[in-house]
file input-v9.pdb (PDB, C-alpha atoms and all ligand atoms)
ATOM      1  CA  MET P   1     134.021  92.351 117.168
ATOM      2  CA  THR P   2     134.194  95.746 118.886
ATOM      3  CA  GLU P   3     132.321  96.656 122.087
ATOM      4  CA  SER P   4     130.055  99.038 120.126
ATOM      5  CA  SER P   5     129.100  96.431 117.495
ATOM      6  CA  ARG P   6     128.046  94.107 120.371
ATOM      7  CA  ASP P   7     125.800  96.886 121.734
ATOM      8  CA  THR P   8     124.154  97.627 118.389
ATOM      9  CA  LYS P   9     121.061  95.577 117.668
ATOM     10  CA  THR P  10     121.113  93.496 114.500
ATOM     11  CA  ALA P  11     118.165  92.590 112.256
ATOM     12  CA  LEU P  12     117.915  90.062 109.440
ATOM     13  CA  ILE P  13     115.152  90.996 106.984
ATOM     14  CA  THR P  14     114.347  88.468 104.263
ATOM     15  CA  GLY P  15     113.416  89.681 100.783
ATOM     16  CA  ALA P  16     114.717  93.123 101.694
ATOM     17  CA  ALA P  17     116.247  94.338  98.433
ATOM     18  CA  ARG P  18     113.036  95.939  97.194
ATOM     19  CA  ARG P  19     109.503  97.076  98.008
ATOM     20  CA  ILE P  20     108.178  96.530 101.574
ATOM     21  CA  GLY P  21     111.249  94.598 102.764
ATOM     22  CA  ALA P  22     113.579  97.427 101.718
ATOM     23  CA  SER P  23     111.386  99.952 103.561
ATOM     24  CA  ILE P  24     111.469  97.797 106.714
ATOM     25  CA  ALA P  25     115.271  97.555 106.483
ATOM     26  CA  LYS P  26     115.576 101.349 106.122
ATOM     27  CA  ALA P  27     113.182 101.975 109.038
ATOM     28  CA  LEU P  28     115.074  99.611 111.353
ATOM     29  CA  HIS P  29     118.398 101.100 110.254
ATOM     30  CA  GLN P  30     117.048 104.566 111.046
ATOM     31  CA  ARG P  31     116.246 103.292 114.548
ATOM     32  CA  GLY P  32     119.860 102.238 115.042
ATOM     33  CA  TYR P  33     119.849  98.614 113.914
ATOM     34  CA  ASN P  34     122.601  97.070 111.856
ATOM     35  CA  VAL P  35     120.753  95.340 109.027
ATOM     36  CA  ILE P  36     121.299  92.182 107.016
ATOM     37  CA  ILE P  37     119.564  92.603 103.672
ATOM     38  CA  HIS P  38     118.661  89.156 102.424
ATOM     39  CA  TYR P  39     117.877  88.819  98.698
ATOM     40  CA  ASN P  40     117.515  86.070  96.117
ATOM     41  CA  HIS P  41     117.595  87.524  92.572
ATOM     42  CA  SER P  42     117.681  91.285  93.265
ATOM     43  CA  LYS P  43     121.438  91.648  93.790
ATOM     44  CA  ASP P  44     121.726  95.125  92.225
ATOM     45  CA  ASP P  45     118.902  96.510  94.386
ATOM     46  CA  ALA P  46     120.371  94.877  97.505
ATOM     47  CA  ASP P  47     123.863  96.282  96.794
ATOM     48  CA  CYS P  48     122.415  99.715  96.106
ATOM     49  CA  LEU P  49     120.439  99.696  99.371
ATOM     50  CA  VAL P  50     123.481  98.555 101.369
ATOM     51  CA  GLU P  51     125.598 101.296  99.791
ATOM     52  CA  SER P  52     123.026 103.965 100.716
ATOM     53  CA  LEU P  53     122.851 102.703 104.330
ATOM     54  CA  LEU P  54     126.652 102.533 104.658
ATOM     55  CA  ALA P  55     126.792 106.161 103.522
ATOM     56  CA  ILE P  56     124.645 106.999 106.561
ATOM     57  CA  ARG P  57     126.569 104.788 109.058
ATOM     58  CA  ALA P  58     129.730 102.768 108.441
ATOM     59  CA  ASN P  59     129.652  98.994 109.043
ATOM     60  CA  SER P  60     125.867  99.004 109.492
ATOM     61  CA  ALA P  61     124.520  96.977 106.544
ATOM     62  CA  VAL P  62     125.372  93.929 104.500
ATOM     63  CA  ALA P  63     123.630  91.902 101.763
ATOM     64  CA  ILE P  64     123.422  88.101 101.786
ATOM     65  CA  GLN P  65     121.988  85.996  98.942
ATOM     66  CA  ALA P  66     119.932  82.863  99.605
ATOM     67  CA  ASN P  67     117.207  80.915  97.843
ATOM     68  CA  LEU P  68     114.720  80.303 100.640
ATOM     69  CA  GLN P  69     113.395  77.223  98.847
ATOM     70  CA  GLU P  70     116.694  75.474  99.573
ATOM     71  CA  LEU P  71     117.014  74.130 103.140
ATOM     72  CA  SER P  72     120.823  74.267 102.872
ATOM     73  CA  ASP P  73     120.580  77.975 101.989
ATOM     74  CA  LEU P  74     118.539  78.592 105.151
ATOM     75  CA  ASP P  75     121.310  77.190 107.353
ATOM     76  CA  ARG P  76     123.961  79.151 105.450
ATOM     77  CA  LEU P  77     121.890  82.343 105.737
ATOM     78  CA  SER P  78     121.392  82.006 109.490
ATOM     79  CA  GLU P  79     125.086  81.204 110.057
ATOM     80  CA  SER P  80     126.361  84.075 107.879
ATOM     81  CA  ALA P  81     123.848  86.516 109.365
ATOM     82  CA  THR P  82     124.891  85.660 112.931
ATOM     83  CA  ALA P  83     128.596  85.718 112.078
ATOM     84  CA  GLN P  84     128.361  89.217 110.591
ATOM     85  CA  TRP P  85     128.154  91.064 113.946
ATOM     86  CA  GLY P  86     128.226  88.082 116.320
ATOM     87  CA  HIS P  87     124.572  88.272 117.342
ATOM     88  CA  ILE P  88     121.010  88.606 115.966
ATOM     89  CA  ASN P  89     118.260  90.495 117.795
ATOM     90  CA  LEU P  90     115.475  90.461 115.217
ATOM     91  CA  LEU P  91     114.356  88.248 112.348
ATOM     92  CA  VAL P  92     111.772  89.719 109.956
ATOM     93  CA  ASN P  93     110.304  87.010 107.714
ATOM     94  CA  ASN P  94     109.193  89.233 104.842
ATOM     95  CA  ALA P  95     110.133  87.371 101.625
ATOM     96  CA  SER P  96     107.186  85.910  99.802
ATOM     97  CA  CYS P  97     105.955  84.422  96.586
ATOM     98  CA  PHE P  98     102.565  85.646  95.268
ATOM     99  CA  TYR P  99     100.782  84.532  92.094
ATOM    100  CA  PRO P 100      97.396  83.023  91.192
ATOM    101  CA  THR P 101      96.866  79.254  91.258
ATOM    102  CA  PRO P 102      93.243  78.791  90.081
ATOM    103  CA  ILE P 103      91.620  75.601  91.292
ATOM    104  CA  THR P 104      90.125  74.873  87.846
ATOM    105  CA  ASP P 105      93.679  74.520  86.539
ATOM    106  CA  THR P 106      94.483  72.243  89.448
ATOM    107  CA  ILE P 107      91.520  69.990  88.716
ATOM    108  CA  THR P 108      92.365  69.811  85.010
ATOM    109  CA  SER P 109      95.980  69.008  85.634
ATOM    110  CA  GLN P 110      95.107  66.496  88.383
ATOM    111  CA  GLN P 111      93.304  64.394  85.780
ATOM    112  CA  SER P 112      96.470  64.081  83.744
ATOM    113  CA  ASP P 113      99.478  65.262  85.658
ATOM    114  CA  ASN P 114      99.805  66.825  89.084
ATOM    115  CA  SER P 115     103.401  67.830  88.607
ATOM    116  CA  THR P 116     102.787  71.438  87.464
ATOM    117  CA  LYS P 117     100.586  72.181  90.447
ATOM    118  CA  LEU P 118     103.032  70.455  92.734
ATOM    119  CA  VAL P 119     105.696  72.870  91.522
ATOM    120  CA  ASP P 120     103.392  75.804  92.452
ATOM    121  CA  TRP P 121     102.628  74.216  95.825
ATOM    122  CA  ASN P 122     106.311  73.689  96.613
ATOM    123  CA  THR P 123     107.362  77.127  95.363
ATOM    124  CA  ILE P 124     104.778  79.054  97.379
ATOM    125  CA  ILE P 125     104.621  76.872 100.492
ATOM    126  CA  ASP P 126     108.402  76.459 100.741
ATOM    127  CA  THR P 127     109.020  80.206 100.390
ATOM    128  CA  ASN P 128     106.136  81.602 102.439
ATOM    129  CA  LEU P 129     105.787  78.952 105.157
ATOM    130  CA  ARG P 130     108.580  76.372 105.351
ATOM    131  CA  ALA P 131     111.408  78.932 105.104
ATOM    132  CA  PRO P 132     110.165  81.281 107.875
ATOM    133  CA  TYR P 133     109.559  78.285 110.155
ATOM    134  CA  PHE P 134     112.989  76.716 109.665
ATOM    135  CA  LEU P 135     114.808  80.054 109.640
ATOM    136  CA  SER P 136     113.159  80.882 112.966
ATOM    137  CA  LEU P 137     114.279  77.535 114.399
ATOM    138  CA  SER P 138     117.821  77.981 113.035
ATOM    139  CA  LEU P 139     118.119  81.372 114.701
ATOM    140  CA  ALA P 140     116.263  80.495 117.917
ATOM    141  CA  ASP P 141     119.418  79.781 119.961
ATOM    142  CA  GLU P 142     120.950  83.107 118.947
ATOM    143  CA  LEU P 143     117.722  85.061 119.489
ATOM    144  CA  ARG P 144     117.283  83.430 122.902
ATOM    145  CA  LYS P 145     120.682  84.713 124.076
ATOM    146  CA  VAL P 146     119.630  88.354 123.550
ATOM    147  CA  ASN P 147     115.863  88.114 124.260
ATOM    148  CA  GLY P 148     115.258  88.760 120.591
ATOM    149  CA  ALA P 149     112.134  88.813 118.457
ATOM    150  CA  ILE P 150     110.649  87.407 115.266
ATOM    151  CA  ILE P 151     108.165  89.321 113.111
ATOM    152  CA  ASN P 152     106.315  87.553 110.301
ATOM    153  CA  LEU P 153     104.666  89.328 107.369
ATOM    154  CA  VAL P 154     101.250  87.690 107.081
ATOM    155  CA  ASP P 155      98.307  88.938 104.949
ATOM    156  CA  ILE P 156      94.647  89.708 105.617
ATOM    157  CA  TYR P 157      93.920  86.880 103.137
ATOM    158  CA  ALA P 158      95.197  84.440 105.779
ATOM    159  CA  GLU P 159      91.715  84.723 107.335
ATOM    160  CA  ARG P 160      89.472  85.456 104.331
ATOM    161  CA  PRO P 161      90.702  83.818 101.131
ATOM    162  CA  LEU P 162      91.548  85.747  97.970
ATOM    163  CA  LYS P 163      89.850  84.074  94.994
ATOM    164  CA  HIS P 164      92.160  82.106  92.654
ATOM    165  CA  HIS P 165      95.061  82.209  95.146
ATOM    166  CA  SER P 166      94.430  79.033  97.159
ATOM    167  CA  ILE P 167      98.071  78.062  97.695
ATOM    168  CA  TYR P 168      99.067  81.601  98.700
ATOM    169  CA  ASN P 169      96.087  81.806 101.105
ATOM    170  CA  ILE P 170      97.068  78.464 102.664
ATOM    171  CA  SER P 171     100.695  79.587 103.026
ATOM    172  CA  LYS P 172      99.657  82.794 104.797
ATOM    173  CA  ALA P 173      97.201  80.970 107.090
ATOM    174  CA  GLY P 174     100.155  78.737 107.941
ATOM    175  CA  ILE P 175     102.462  81.633 108.764
ATOM    176  CA  ALA P 176      99.726  83.122 110.986
ATOM    177  CA  MET P 177      99.633  79.871 112.988
ATOM    178  CA  THR P 178     103.444  79.714 112.924
ATOM    179  CA  THR P 179     103.415  83.129 114.622
ATOM    180  CA  GLN P 180     101.105  81.968 117.378
ATOM    181  CA  THR P 181     102.612  78.530 117.936
ATOM    182  CA  LEU P 182     106.214  79.799 118.005
ATOM    183  CA  ALA P 183     105.163  82.581 120.376
ATOM    184  CA  ARG P 184     104.193  79.813 122.819
ATOM    185  CA  GLU P 185     107.153  77.555 122.081
ATOM    186  CA  LEU P 186     109.861  80.211 122.230
ATOM    187  CA  ALA P 187     108.562  82.254 125.196
ATOM    188  CA  PRO P 188     109.667  83.741 127.478
ATOM    189  CA  GLU P 189     113.023  84.476 125.828
ATOM    190  CA  ILE P 190     111.810  85.263 122.301
ATOM    191  CA  ARG P 191     108.718  87.223 121.271
ATOM    192  CA  VAL P 192     107.010  86.246 117.999
ATOM    193  CA  ASN P 193     104.492  88.541 116.303
ATOM    194  CA  GLY P 194     103.075  89.285 112.878
ATOM    195  CA  VAL P 195     101.927  92.152 110.700
ATOM    196  CA  SER P 196      99.058  91.515 108.273
ATOM    197  CA  PRO P 197      99.088  94.022 105.421
ATOM    198  CA  GLY P 198      96.072  94.857 103.299
ATOM    199  CA  ALA P 199      96.686  96.508  99.914
ATOM    200  CA  ILE P 200     100.051  98.265 100.231
ATOM    201  CA  LEU P 201     102.034  97.829  97.008
ATOM    202  CA  TRP P 202     100.346  96.247  94.001
ATOM    203  CA  PRO P 203     102.124  93.405  92.223
ATOM    204  CA  GLU P 204     104.261  94.780  89.386
ATOM    205  CA  ASN P 205     103.134  94.682  85.704
ATOM    206  CA  GLU P 206      99.431  94.287  86.435
ATOM    207  CA  SER P 207      96.956  94.299  83.508
ATOM    208  CA  THR P 208      94.162  96.844  82.923
ATOM    209  CA  GLU P 209      91.691  94.267  84.245
ATOM    210  CA  GLN P 210      93.773  93.923  87.392
ATOM    211  CA  ASN P 211      93.950  97.723  87.693
ATOM    212  CA  ALA P 212      90.145  97.776  87.794
ATOM    213  CA  ALA P 213      90.241  95.162  90.571
ATOM    214  CA  GLN P 214      92.696  97.404  92.456
ATOM    215  CA  GLN P 215      90.225 100.301  92.256
ATOM    216  CA  ARG P 216      87.507  98.010  93.635
ATOM    217  CA  ILE P 217      89.732  97.072  96.563
ATOM    218  CA  VAL P 218      90.418 100.733  97.379
ATOM    219  CA  SER P 219      86.697 101.521  97.143
ATOM    220  CA  GLN P 220      86.070  98.749  99.723
ATOM    221  CA  THR P 221      88.677 100.158 102.114
ATOM    222  CA  PRO P 222      87.316 102.401 104.879
ATOM    223  CA  MET P 223      90.458 104.578 104.759
ATOM    224  CA  ALA P 224      89.736 105.048 101.006
ATOM    225  CA  ARG P 225      93.307 104.482  99.846
ATOM    226  CA  SER P 226      95.927 101.810  99.597
ATOM    227  CA  GLY P 227      98.563 101.836 102.316
ATOM    228  CA  ALA P 228     102.218 102.810 102.086
ATOM    229  CA  PRO P 229     105.218 100.660 103.051
ATOM    230  CA  GLU P 230     105.788 103.140 105.906
ATOM    231  CA  ASP P 231     102.458 102.016 107.419
ATOM    232  CA  ILE P 232     103.896  98.494 107.652
ATOM    233  CA  CYS P 233     107.213  99.801 109.003
ATOM    234  CA  GLU P 234     105.432 101.584 111.873
ATOM    235  CA  ALA P 235     103.878  98.295 112.994
ATOM    236  CA  VAL P 236     107.128  96.349 112.574
ATOM    237  CA  CYS P 237     109.073  98.929 114.588
ATOM    238  CA  TYR P 238     106.428  98.939 117.322
ATOM    239  CA  LEU P 239     106.551  95.137 117.620
ATOM    240  CA  ALA P 240     110.358  95.141 117.514
ATOM    241  CA  ALA P 241     110.554  97.651 120.380
ATOM    242  CA  SER P 242     107.803  96.270 122.612
ATOM    243  CA  SER P 243     108.649  93.923 125.474
ATOM    244  CA  PHE P 244     105.292  92.401 126.534
ATOM    245  CA  VAL P 245     103.564  91.773 123.197
ATOM    246  CA  THR P 246     103.814  88.261 121.788
ATOM    247  CA  GLY P 247     101.644  85.992 119.628
ATOM    248  CA  GLN P 248      99.846  88.976 118.096
ATOM    249  CA  ILE P 249      99.154  89.760 114.454
ATOM    250  CA  ILE P 250      98.421  93.418 113.734
ATOM    251  CA  LYS P 251      96.279  94.133 110.672
ATOM    252  CA  VAL P 252      97.513  97.180 108.782
ATOM    253  CA  ASP P 253      94.855  97.315 106.086
ATOM    254  CA  GLY P 254      92.982 100.622 106.304
ATOM    255  CA  GLY P 255      90.053  98.648 107.740
ATOM    256  CA  ARG P 256      89.566  96.526 104.597
ATOM    257  CA  SER P 257      89.254  93.234 106.505
ATOM    258  CA  LEU P 258      86.051  94.603 108.080
ATOM    259  CA  TYR P 259      84.426  94.089 104.681
ATOM    260  CA  LEU P 260      85.995  90.774 103.616
TER     261      LEU P 260
HETATM  262  N1  LIG P 301     102.477  94.187  98.722
HETATM  263  C1  LIG P 301     101.359  94.161  99.435
HETATM  264  O1  LIG P 301     100.472  95.028  99.289
HETATM  265  C2  LIG P 301     101.155  93.073 100.451
HETATM  266  C3  LIG P 301      99.856  92.771 100.882
HETATM  267  C4  LIG P 301      99.681  91.750 101.810
HETATM  268  C5  LIG P 301     100.761  91.065 102.327
HETATM  269  N2  LIG P 301     102.022  91.387 101.881
HETATM  270  C6  LIG P 301     103.148  90.636 102.445
HETATM  271  O2  LIG P 301     104.175  91.559 102.812
HETATM  272  C7  LIG P 301     105.461  91.019 102.471
HETATM  273  C8  LIG P 301     106.190  91.964 101.516
HETATM  274  O3  LIG P 301     105.381  92.192 100.364
HETATM  275  P1  LIG P 301     106.020  92.619  98.963
HETATM  276  O4  LIG P 301     104.885  92.820  98.025
HETATM  277  O5  LIG P 301     107.012  93.713  99.167
HETATM  278  O6  LIG P 301     106.793  91.251  98.595
HETATM  279  P2  LIG P 301     107.318  90.798  97.154
HETATM  280  O7  LIG P 301     107.835  91.985  96.437
HETATM  281  O8  LIG P 301     106.271  89.968  96.470
HETATM  282  O9  LIG P 301     108.501  89.787  97.567
HETATM  283  C9  LIG P 301     109.565  90.209  98.404
HETATM  284  C10 LIG P 301     110.816  89.454  98.059
HETATM  285  O10 LIG P 301     110.682  88.060  98.332
HETATM  286  C11 LIG P 301     111.806  87.469  97.754
HETATM  287  N3  LIG P 301     111.622  86.051  97.432
HETATM  288  C12 LIG P 301     110.637  85.448  96.732
HETATM  289  N4  LIG P 301     110.902  84.137  96.573
HETATM  290  C13 LIG P 301     112.098  83.905  97.198
HETATM  291  C14 LIG P 301     112.927  82.760  97.374
HETATM  292  N5  LIG P 301     112.608  81.545  96.871
HETATM  293  N6  LIG P 301     114.080  82.908  98.050
HETATM  294  C15 LIG P 301     114.428  84.105  98.560
HETATM  295  N7  LIG P 301     113.710  85.220  98.419
HETATM  296  C16 LIG P 301     112.558  85.123  97.747
HETATM  297  C17 LIG P 301     112.130  88.243  96.464
HETATM  298  O11 LIG P 301     113.536  88.552  96.521
HETATM  299  P3  LIG P 301     114.431  88.861  95.192
HETATM  300  O12 LIG P 301     113.745  90.019  94.513
HETATM  301  O13 LIG P 301     115.758  89.194  95.731
HETATM  302  O14 LIG P 301     114.421  87.608  94.359
HETATM  303  C18 LIG P 301     111.216  89.488  96.592
HETATM  304  O15 LIG P 301     111.850  90.694  96.243
HETATM  305  C19 LIG P 301     105.207  89.644 101.871
HETATM  306  O16 LIG P 301     105.332  88.660 102.872
HETATM  307  C20 LIG P 301     103.758  89.722 101.384
HETATM  308  O17 LIG P 301     103.118  88.473 101.331
HETATM  309  C21 LIG P 301     102.238  92.356 100.968
END
call {"tool": "encode", "arguments": {"input": "input-v9.pdb", "output": "structure tokens", "more": "lines below"}}
Ligand SMILES: NC(=O)c1ccc[n+]([C@@H]2O[C@H](COP(=O)([O-])OP(=O)(O)OC[C@H]3O[C@@H](n4cnc5c(N)ncnc54)[C@H](OP(=O)(O)O)[C@@H]3O)[C@@H](O)[C@H]2O)c1
result
Amino acid sequence: MTESSRDTKTALITGAARRIGASIAKALHQRGYNVIIHYNHSKDDADCLVESLLAIRANSAVAIQANLQELSDLDRLSESATAQWGHINLLVNNASCFYPTPITDTITSQQSDNSTKLVDWNTIIDTNLRAPYFLSLSLADELRKVNGAIINLVDIYAERPLKHHSIYNISKAGIAMTTQTLARELAPEIRVNGVSPGAILWPENESTEQNAAQQRIVSQTPMARSGAPEDICEAVCYLAASSFVTGQIIKVDGGRSLYL
């Protein structure tokens, strides 16, 4: 490891091959961070992003694959990420799993077989809640050494539930409490904060019916538009650079939560 690579801050961003995670990785890279682009299935996107960042600055980006549902992958990810440049300054828990899990289905399947709903529970809770918690603990010793920080991507639905998404809502309420409880546990060496997006990027391949719901959401947003990934990046970069803010969750939602 060279002297300059020790001086350069390093960030691990989960789920960073595409969409909001990729924008966060680019924003942190632009602010001088070396970035570890974690991905699960999106290898081509991750490789492409790394290539574009390396073209800007040599030895400044790398991609690492891990399935966050596997506890063994979490340990491997934290070890490989730390080994890359010898230190980690920032963990951004961005990866997430989002799909509807209507309660009516749960009740029906409970009468016969709970196994389908248990798969949904494990998939969403393990990805959105268990993985950020254990990844934070795995990296705590390294983050402590450099007075590092953790930033969790939450959701405004952590406080006011989105209909038909009970497991997702529960997972995001859990990550909100993870943010606060780890801020207490890991202080004063490590700061832990969150960003709660409103409507930023719609899920891909939405139906016409869902498009109508999107229009309703925008019409209920005081800023009268959906947000952009850059709006989230601004908040992440602020929290990464601050030194006295911990245990806070910033809503970046165009004011939508005022009406939920
Ligand atoms: N989009 C919005 O408007 C919005 C609104 C509110 C909150 N948020 C929050 O903001 C964050 C980013 O949102 P987004 O819409 O950009 O996220 P996304 O596209 O739904 O997911 C980001 C990445 O998570 C990764 N992922 C999912 N399951 C995984 C697993 N088991 N192991 C490893 N990686 C896994 C996927 O990586 P691969 O593609 O590599 O498989 C995916 O590309 C999320 O935490 C989300 O809950 C977003």
call {"tool": "residues_around", "arguments": {"input": "input-v9.pdb", "residues": "range 79-81 of chain P", "least_positions_apart": "6", "cutoff": "12 Å", "atoms": "all atoms listed in the file", "output": "VMD selection string"}}
result
chain P and resid 10 to 14 34 to 38 61 to 66 72 to 73 87 to 91 135 138 to 143
call {"tool": "write_last_selection", "arguments": {"input": "input-v9.pdb", "atoms": "C-alpha atoms", "output": "short mmCIF file (atom, residue, chain, number, x, y, z; two decimals), in the frame of the given file"}}
result
data_model
loop_
_atom_site.label_atom_id
_atom_site.label_comp_id
_atom_site.auth_asym_id
_atom_site.auth_seq_id
_atom_site.Cartn_x
_atom_site.Cartn_y
_atom_site.Cartn_z
CA THR P 10 121.11 93.50 114.50
CA ALA P 11 118.16 92.59 112.26
CA LEU P 12 117.92 90.06 109.44
CA ILE P 13 115.15 91.00 106.98
CA THR P 14 114.35 88.47 104.26
CA ASN P 34 122.60 97.07 111.86
CA VAL P 35 120.75 95.34 109.03
CA ILE P 36 121.30 92.18 107.02
CA ILE P 37 119.56 92.60 103.67
CA HIS P 38 118.66 89.16 102.42
CA ALA P 61 124.52 96.98 106.54
CA VAL P 62 125.37 93.93 104.50
CA ALA P 63 123.63 91.90 101.76
CA ILE P 64 123.42 88.10 101.79
CA GLN P 65 121.99 86.00 98.94
CA ALA P 66 119.93 82.86 99.60
CA SER P 72 120.82 74.27 102.87
CA ASP P 73 120.58 77.97 101.99
CA HIS P 87 124.57 88.27 117.34
CA ILE P 88 121.01 88.61 115.97
CA ASN P 89 118.26 90.50 117.80
CA LEU P 90 115.48 90.46 115.22
CA LEU P 91 114.36 88.25 112.35
CA LEU P 135 114.81 80.05 109.64
CA SER P 138 117.82 77.98 113.04
CA LEU P 139 118.12 81.37 114.70
CA ALA P 140 116.26 80.50 117.92
CA ASP P 141 119.42 79.78 119.96
CA GLU P 142 120.95 83.11 118.95
CA LEU P 143 117.72 85.06 119.49
#
call {"tool": "resolve_selection", "arguments": {"input": "input-v9.pdb", "expression": "the PyMOL selection byres (((chain P and resi 95-99) around 9) and not hetatm)", "output": "MDAnalysis selection string"}}
result
chainID P and resid 13:16 21 38:39 68 92:94 100:101 123:125 127:129 132 153 164:165 167:168 203
call {"tool": "atom_distance", "arguments": {"input": "input-v9.pdb", "atom1": "atom C11 of ligand LIG 301 (chain P)", "atom2": "CA of Asp253 in chain P"}}
result
21.3 Å
call {"tool": "resolve_selection", "arguments": {"input": "input-v9.pdb", "expression": "the PyMOL selection byres (((chain P and resi 27-30) around 9) and not hetatm)", "output": "list in words"}}
result
Ala11, Ala22, Ser23, Ile24, Ala25, Lys26, Arg31, Gly32, Tyr33, Asn34, Val35, Leu53, Ser60, Ala61, Glu230, Cys233, Glu234, Val236, Cys237 and Ala240 of chain P
call {"tool": "axis_aligned_box", "arguments": {"input": "input-v9.pdb", "around": "ligand LIG 301 (chain P)", "padding_each_side": "8 Å", "output": "JSON"}}
result
{"center_x": 107.7, "center_y": 88.3, "center_z": 98.6, "size_x": 32.1, "size_y": 29.5, "size_z": 24.5}
call {"tool": "closest_residue", "arguments": {"input": "input-v9.pdb", "among": "P:Pro229, P:Gly247, P:Gly148, P:Pro188", "to": "Ala176 in chain P", "atoms": "all atoms listed in the file"}}
result
P:Gly247
call {"tool": "closest_residue", "arguments": {"input": "input-v9.pdb", "among": "P:Ile250, P:Leu182, P:Ala149, P:Ile103", "to": "ligand LIG 301 (chain P)", "atoms": "all atoms listed in the file"}}
result
P:Ile250
call {"tool": "resolve_selection", "arguments": {"input": "input-v9.pdb", "expression": "the PyMOL selection byres (((chain P and resi 255) around 9) and not hetatm)", "output": "PyMOL selection string"}}
result
chain P and resi 198+220-223+251-254+256-259
call {"tool": "closest_residue", "arguments": {"input": "input-v9.pdb", "among": "P:Asn152, P:Ser171, P:Gln84, P:Asn40", "to": "Gln69 in chain P", "atoms": "all atoms listed in the file"}}
result
P:Asn40
call {"tool": "residues_near_point", "arguments": {"input": "input-v9.pdb", "point": "(99.7, 88.9, 118.5)", "cutoff": "8 Å", "atoms": "only C-alpha atoms", "output": "PDB file with C-alpha atoms, keeping the file's coordinate frame"}}
result
ATOM      1  CA  THR P 179     103.415  83.129 114.622  1.00  0.00           C
ATOM      2  CA  GLN P 180     101.105  81.968 117.378  1.00  0.00           C
ATOM      3  CA  VAL P 192     107.010  86.246 117.999  1.00  0.00           C
ATOM      4  CA  ASN P 193     104.492  88.541 116.303  1.00  0.00           C
ATOM      5  CA  GLY P 194     103.075  89.285 112.878  1.00  0.00           C
ATOM      6  CA  VAL P 245     103.564  91.773 123.197  1.00  0.00           C
ATOM      7  CA  THR P 246     103.814  88.261 121.788  1.00  0.00           C
ATOM      8  CA  GLY P 247     101.644  85.992 119.628  1.00  0.00           C
ATOM      9  CA  GLN P 248      99.846  88.976 118.096  1.00  0.00           C
ATOM     10  CA  ILE P 249      99.154  89.760 114.454  1.00  0.00           C
ATOM     11  CA  ILE P 250      98.421  93.418 113.734  1.00  0.00           C
TER      12      ILE P 250
END
call {"tool": "closest_residue", "arguments": {"input": "input-v9.pdb", "among": "P:Val218, P:Ile20, P:Ala173, P:Leu162", "to": "ligand LIG 301 (chain P)", "atoms": "only C-alpha atoms and all ligand atoms"}}
result
P:Ile20
call {"tool": "closest_residue", "arguments": {"input": "input-v9.pdb", "among": "P:Lys117, P:Lys9, P:Lys145, P:Arg130", "to": "ligand LIG 301 (chain P)", "atoms": "all atoms listed in the file"}}
result
P:Arg130
call {"tool": "atom_distance", "arguments": {"input": "input-v9.pdb", "atom1": "CA of Ile200 in chain P", "atom2": "atom C1 of ligand LIG 301 (chain P)"}}
result
4.4 Å
call {"tool": "closest_residue", "arguments": {"input": "input-v9.pdb", "among": "P:Trp85, P:Trp121, P:Trp202, P:Phe134", "to": "ligand LIG 301 (chain P)", "atoms": "all atoms listed in the file"}}
result
P:Trp202
call {"tool": "atom_distance", "arguments": {"input": "input-v9.pdb", "atom1": "atom C1 of ligand LIG 301 (chain P)", "atom2": "CA of Tyr157 in chain P"}}
result
11.0 Å
call {"tool": "build_atoms", "arguments": {"input": "input-v9.pdb", "residues": "range 71-80 of chain P", "atoms": "N, CA and C atoms", "output": "mmCIF file, in the frame of the given file"}}
result
data_model
loop_
_atom_site.group_PDB
_atom_site.id
_atom_site.type_symbol
_atom_site.label_atom_id
_atom_site.label_comp_id
_atom_site.auth_asym_id
_atom_site.auth_seq_id
_atom_site.Cartn_x
_atom_site.Cartn_y
_atom_site.Cartn_z
ATOM 1 N N LEU P 71 116.771 74.238 101.693
ATOM 2 C CA LEU P 71 117.014 74.130 103.140
ATOM 3 C C LEU P 71 118.479 74.422 103.476
ATOM 4 N N SER P 72 119.397 74.018 102.597
ATOM 5 C CA SER P 72 120.823 74.267 102.872
ATOM 6 C C SER P 72 121.120 75.767 102.858
ATOM 7 N N ASP P 73 120.398 76.515 102.015
ATOM 8 C CA ASP P 73 120.580 77.975 101.989
ATOM 9 C C ASP P 73 120.103 78.616 103.296
ATOM 10 N N LEU P 74 119.059 78.027 103.898
ATOM 11 C CA LEU P 74 118.539 78.592 105.151
ATOM 12 C C LEU P 74 119.595 78.509 106.246
ATOM 13 N N ASP P 75 120.261 77.354 106.335
ATOM 14 C CA ASP P 75 121.310 77.190 107.353
ATOM 15 C C ASP P 75 122.464 78.146 107.080
ATOM 16 N N ARG P 76 122.855 78.252 105.804
ATOM 17 C CA ARG P 76 123.961 79.151 105.450
ATOM 18 C C ARG P 76 123.588 80.602 105.777
ATOM 19 N N LEU P 77 122.339 80.974 105.465
ATOM 20 C CA LEU P 77 121.890 82.343 105.737
ATOM 21 C C LEU P 77 121.935 82.640 107.235
ATOM 22 N N SER P 78 121.423 81.718 108.046
ATOM 23 C CA SER P 78 121.392 82.006 109.490
ATOM 24 C C SER P 78 122.806 82.043 110.063
ATOM 25 N N GLU P 79 123.692 81.178 109.557
ATOM 26 C CA GLU P 79 125.086 81.204 110.057
ATOM 27 C C GLU P 79 125.804 82.482 109.639
ATOM 28 N N SER P 80 125.680 82.862 108.360
ATOM 29 C CA SER P 80 126.361 84.075 107.879
ATOM 30 C C SER P 80 125.799 85.310 108.560
#
